[in-house]
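Structure below is start-v8.txt: compact mmCIF, C-alpha atoms.
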# COMPACT_ATOMS: atom_id res chain seq x y z
CA MET A 27 -94.98 -62.63 4.37
CA GLY A 28 -96.15 -59.21 3.22
CA SER A 29 -96.07 -57.59 6.63
CA GLY A 30 -93.35 -55.08 5.73
CA LYS A 31 -90.37 -56.66 7.50
CA SER A 32 -87.70 -55.51 5.06
CA SER A 33 -89.06 -52.01 4.45
CA VAL A 34 -89.66 -51.36 8.14
CA GLY A 35 -86.32 -52.89 9.09
CA ARG A 36 -84.46 -50.54 6.76
CA LEU A 37 -86.25 -47.54 8.27
CA ILE A 38 -85.45 -48.64 11.82
CA ALA A 39 -81.78 -49.17 10.99
CA ARG A 40 -81.59 -45.75 9.34
CA THR A 41 -83.37 -44.06 12.28
CA LEU A 42 -81.20 -45.71 14.92
CA GLY A 43 -77.95 -45.54 12.97
CA GLY A 44 -77.61 -49.29 12.74
CA ARG A 45 -76.95 -51.74 9.96
CA PHE A 46 -79.83 -53.49 8.20
CA VAL A 47 -79.46 -57.22 7.53
CA ASP A 48 -81.92 -59.43 5.67
CA THR A 49 -81.56 -63.19 6.16
CA ASP A 50 -83.15 -63.84 2.76
CA LYS A 51 -80.37 -61.79 1.17
CA ILE A 52 -77.70 -63.69 3.11
CA VAL A 53 -79.13 -67.00 1.86
CA THR A 54 -79.51 -65.88 -1.75
CA GLU A 55 -76.01 -64.39 -1.87
CA ARG A 56 -74.44 -67.55 -0.43
CA ALA A 57 -76.43 -69.75 -2.82
CA GLY A 58 -75.96 -67.53 -5.87
CA GLN A 59 -79.66 -68.01 -6.60
CA GLU A 60 -82.95 -66.25 -6.06
CA ILE A 61 -85.37 -67.72 -3.52
CA THR A 62 -87.69 -69.10 -6.20
CA GLU A 63 -84.74 -70.94 -7.77
CA ILE A 64 -83.58 -72.25 -4.40
CA PHE A 65 -87.03 -73.64 -3.62
CA ALA A 66 -87.33 -75.18 -7.09
CA GLU A 67 -83.86 -76.73 -7.23
CA ARG A 68 -82.85 -77.34 -3.61
CA GLY A 69 -86.16 -77.34 -1.77
CA GLU A 70 -87.65 -75.58 1.23
CA LEU A 71 -85.76 -77.74 3.74
CA TRP A 72 -82.40 -76.62 2.32
CA PHE A 73 -83.56 -73.00 2.40
CA ARG A 74 -84.64 -73.30 6.05
CA GLN A 75 -81.29 -74.84 6.99
CA GLU A 76 -79.52 -71.89 5.35
CA GLU A 77 -81.74 -69.46 7.26
CA THR A 78 -80.58 -71.09 10.49
CA ARG A 79 -76.98 -70.81 9.32
CA ALA A 80 -77.56 -67.12 8.54
CA LEU A 81 -78.88 -66.51 12.06
CA HIS A 82 -75.84 -68.23 13.57
CA SER A 83 -73.57 -65.97 11.51
CA LEU A 84 -75.23 -62.89 13.02
CA LEU A 85 -74.83 -63.89 16.67
CA GLY A 86 -72.58 -61.45 18.51
CA SER A 87 -73.24 -58.64 16.04
CA ASN A 88 -74.04 -55.25 17.53
CA GLY A 89 -76.17 -52.45 16.12
CA ILE A 90 -77.99 -54.57 13.57
CA VAL A 91 -81.64 -54.70 12.58
CA VAL A 92 -82.51 -58.09 11.13
CA ALA A 93 -85.40 -58.86 8.81
CA THR A 94 -86.15 -62.53 8.29
CA GLY A 95 -88.21 -64.58 5.94
CA GLY A 96 -91.74 -65.19 7.15
CA GLY A 97 -91.15 -68.89 7.70
CA ILE A 98 -88.06 -68.60 9.86
CA VAL A 99 -90.09 -69.37 13.00
CA THR A 100 -91.18 -72.74 11.60
CA VAL A 101 -87.78 -74.16 12.54
CA SER A 102 -87.84 -74.52 16.31
CA ALA A 103 -84.07 -73.96 16.63
CA ASN A 104 -84.46 -70.51 15.09
CA ARG A 105 -86.74 -69.09 17.77
CA PRO A 106 -84.10 -69.02 20.55
CA LEU A 107 -81.53 -67.73 18.03
CA LEU A 108 -83.82 -64.80 17.24
CA LYS A 109 -84.08 -64.02 20.95
CA GLN A 110 -80.29 -64.08 21.26
CA LEU A 111 -80.04 -61.45 18.52
CA GLY A 112 -82.27 -58.99 20.41
CA LEU A 113 -85.81 -57.75 20.62
CA VAL A 114 -88.05 -59.86 18.39
CA VAL A 115 -90.81 -57.84 16.75
CA TRP A 116 -93.69 -59.61 15.05
CA LEU A 117 -95.18 -57.53 12.26
CA THR A 118 -98.65 -58.81 11.64
CA ALA A 119 -101.49 -57.87 9.34
CA ASP A 120 -104.96 -59.20 8.71
CA GLU A 121 -105.41 -61.85 6.04
CA GLU A 122 -107.00 -59.49 3.51
CA THR A 123 -104.13 -57.00 3.80
CA ILE A 124 -101.53 -59.75 3.49
CA TRP A 125 -103.27 -61.09 0.40
CA GLU A 126 -103.42 -57.62 -1.20
CA ARG A 127 -99.70 -57.14 -0.56
CA VAL A 128 -98.46 -60.53 -1.79
CA SER A 129 -100.89 -61.54 -4.54
CA ARG A 130 -99.11 -59.66 -7.32
CA ASN A 131 -95.61 -60.83 -6.40
CA LYS A 132 -94.65 -63.93 -8.38
CA LYS A 133 -91.36 -64.32 -6.46
CA ARG A 134 -93.01 -66.00 -3.46
CA PRO A 135 -92.45 -69.73 -3.93
CA LEU A 136 -94.84 -70.80 -1.18
CA LEU A 137 -97.66 -69.17 -3.15
CA HIS A 138 -97.02 -71.21 -6.30
CA THR A 139 -100.05 -73.35 -5.51
CA ASP A 140 -103.44 -74.05 -7.08
CA ASN A 141 -105.10 -71.76 -4.53
CA PRO A 142 -102.61 -69.16 -3.25
CA ARG A 143 -105.27 -67.30 -1.25
CA ASP A 144 -106.00 -70.47 0.71
CA THR A 145 -102.25 -70.98 1.14
CA VAL A 146 -101.98 -67.53 2.76
CA ARG A 147 -104.81 -68.46 5.13
CA THR A 148 -103.17 -71.78 6.00
CA LEU A 149 -99.71 -70.25 6.53
CA LEU A 150 -101.15 -67.61 8.85
CA ALA A 151 -103.01 -70.23 10.88
CA GLU A 152 -99.90 -72.42 11.17
CA ARG A 153 -97.39 -69.67 11.85
CA ASN A 154 -99.26 -67.20 14.06
CA PRO A 155 -98.85 -69.27 17.25
CA LEU A 156 -95.13 -69.63 16.47
CA TYR A 157 -94.73 -65.89 15.88
CA GLU A 158 -96.61 -65.16 19.07
CA ALA A 159 -94.35 -67.45 21.09
CA ALA A 160 -91.18 -65.94 19.61
CA ALA A 161 -92.15 -62.25 19.76
CA ASP A 162 -91.31 -59.71 22.43
CA MET A 163 -93.48 -57.11 20.69
CA GLN A 164 -96.27 -57.21 18.12
CA VAL A 165 -97.30 -54.46 15.70
CA ASP A 166 -100.32 -54.78 13.40
CA THR A 167 -99.25 -53.17 10.13
CA SER A 168 -102.63 -53.48 8.40
CA ALA A 169 -103.55 -49.80 8.56
CA LEU A 170 -100.13 -48.24 9.16
CA THR A 171 -97.45 -46.90 6.86
CA HIS A 172 -93.95 -48.31 7.08
CA ALA A 173 -92.85 -45.09 8.76
CA GLU A 174 -95.59 -45.38 11.41
CA VAL A 175 -94.62 -48.98 12.14
CA ALA A 176 -90.93 -48.05 12.39
CA GLU A 177 -91.75 -45.16 14.75
CA ARG A 178 -93.68 -47.45 17.11
CA ILE A 179 -90.81 -49.90 17.24
CA CYS A 180 -88.16 -47.20 17.67
CA ARG A 181 -90.07 -45.76 20.62
CA ARG A 182 -89.73 -49.15 22.30
CA LEU A 183 -86.05 -49.50 21.42
CA ARG A 184 -84.88 -46.06 22.52
CA PRO A 185 -83.74 -45.86 26.16
Entire entry expressed as structure tokens:
Amino acid sequence: MGSGKSSVGRLIARTLGGRFVDTDKIVTERAGQEITEIFAERGELWFRQEETRALHSLLGSNGIVVATGGGIVTVSANRPLLKQLGLVVWLTADEETIWERVSRNKKRPLLHTDNPRDTVRTLLAERNPLYEAAADMQVDTSALTHAEVAERICRRLRP
């Protein structure tokens, strides 16, 4: 959350001539609802199941760059699906940077808590080992622009 997945993903797809796909968009389009509405009305479990369904729908696609929701790795079945889709890049940032990026966005349902800053800290602690296990490459985005992050990843992807 707040690492730049969608912005960087779009840049990579444009640079490499591929198609950008966002699993959050797939889920929201299928549901006909925004993520905050999905979480409020259907719950996080339903959302996570739909993320898995979205990943399955992308298997076999060529020339795509996929951005996922930050919690996609919390479902163990999703981690091998991500690997099947291609190189898995973990965009990370330090807690302070993440907080600065997400604190003004009211469309993040997991931050609708009494102490959203503590929630960010908790999510990072819970998810970081999962991201690390799933990733083929890690890029710290804390002090980089989206273009700089995309360039680092494209260097790895180009033959």
So which residues touch A:Trp116 within 8 Å, counting only C-alpha atoms, skipping near sequence neighbours fewer than 4 positions away, as a PDB file with C-alpha atoms, keeping the file's coordinate frame?
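Produced file around-v7.pdb, reproduced below:
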ATOM      1  CA  TYR A 157     -94.730 -65.890  15.880  1.00  0.00           C
ATOM      2  CA  GLU A 158     -96.610 -65.160  19.070  1.00  0.00           C
ATOM      3  CA  ALA A 161     -92.150 -62.250  19.760  1.00  0.00           C
ATOM      4  CA  ASP A 162     -91.310 -59.710  22.430  1.00  0.00           C
ATOM      5  CA  MET A 163     -93.480 -57.110  20.690  1.00  0.00           C
ATOM      6  CA  GLN A 164     -96.270 -57.210  18.120  1.00  0.00           C
ATOM      7  CA  VAL A 165     -97.300 -54.460  15.700  1.00  0.00           C
TER       8      VAL A 165
END
Pick out the closest residue to A:Leu37 from this set: A:Arg147, A:Lys109, A:Val92, A:Asn104. Count all atoms listed in the file.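 The shortest atom-to-atom distance to A:Leu37 comes from A:Val92.
Nearest residue to A:Glu152 among A:Thr123, A:Gln110, A:Thr62, A:Thr100 is A:Thr100, counting only C-alpha atoms.
Between atom CA of A:Lys31 and atom CA of A:Glu174 the separation is 13.0 Å.
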Tell me, in Å to one decimal, how far atom CA of A:Glu67 is from atom CA of A:His138.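 Between atom CA of A:Glu67 and atom CA of A:His138 the gap is 14.3 Å.
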Between A:Thr94, A:Thr54, A:Ser29, A:Ser87, single out the one closest to A:Asp120, counting all atoms listed in the file.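 Smallest distance to A:Asp120 is found for A:Ser29.
Closest approach to A:Glu122 from the set A:Thr167, A:Gly97, A:Pro106, A:Ile90 is made by A:Thr167, with distances taken over all atoms listed in the file.
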Rounded to one decimal, what separation in Å do you get between atom CA of A:Arg143 and atom CA of A:Gly95?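 Interatomic distance, atom CA of A:Arg143 to atom CA of A:Gly95: 18.7 Å.
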Considering all atoms listed in the file, can you say which of A:Leu71, A:Val175, A:Leu149, A:Val91 comes closest to A:Arg40? A:Val91
Distance criterion (all atoms listed in the file): nearest to A:Ala151 out of A:Ile61, A:Ala80, A:Glu121, A:Val47: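 Comparing A:Ile61, A:Ala80, A:Glu121, A:Val47 against A:Ala151, the winner is A:Glu121.
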First collect every listed atom of stretch 77-84 of chain A; then fit an axis-aligned box around them, widen it by 6 Å on each side, and give centre and edge lengths in Å to one decimal, as JSON.
{"center_x": -77.7, "center_y": -67.0, "center_z": 10.4, "size_x": 20.2, "size_y": 20.2, "size_z": 18.3}
Up to 10 Å from (-77.3, -67.5, 15.1) in the file's coordinates: name the residues, counting only C-alpha atoms, as number ranges by chain. A: 77-87, 103-111
Counting only C-alpha atoms, find the residues whose atoms lie at most 12 Å from (-100.0, -65.0, -0.4) (file coordinates) and write them out as a ChimeraX atom specification. /A:27-29,96,120-150
Quick one: everything within 9 Å of A:Gly89, counting only C-alpha atoms, minus sequence neighbours fewer than 3 positions away in the same chain. Send it as a PyMOL selection string. chain A and resi 39+42-46
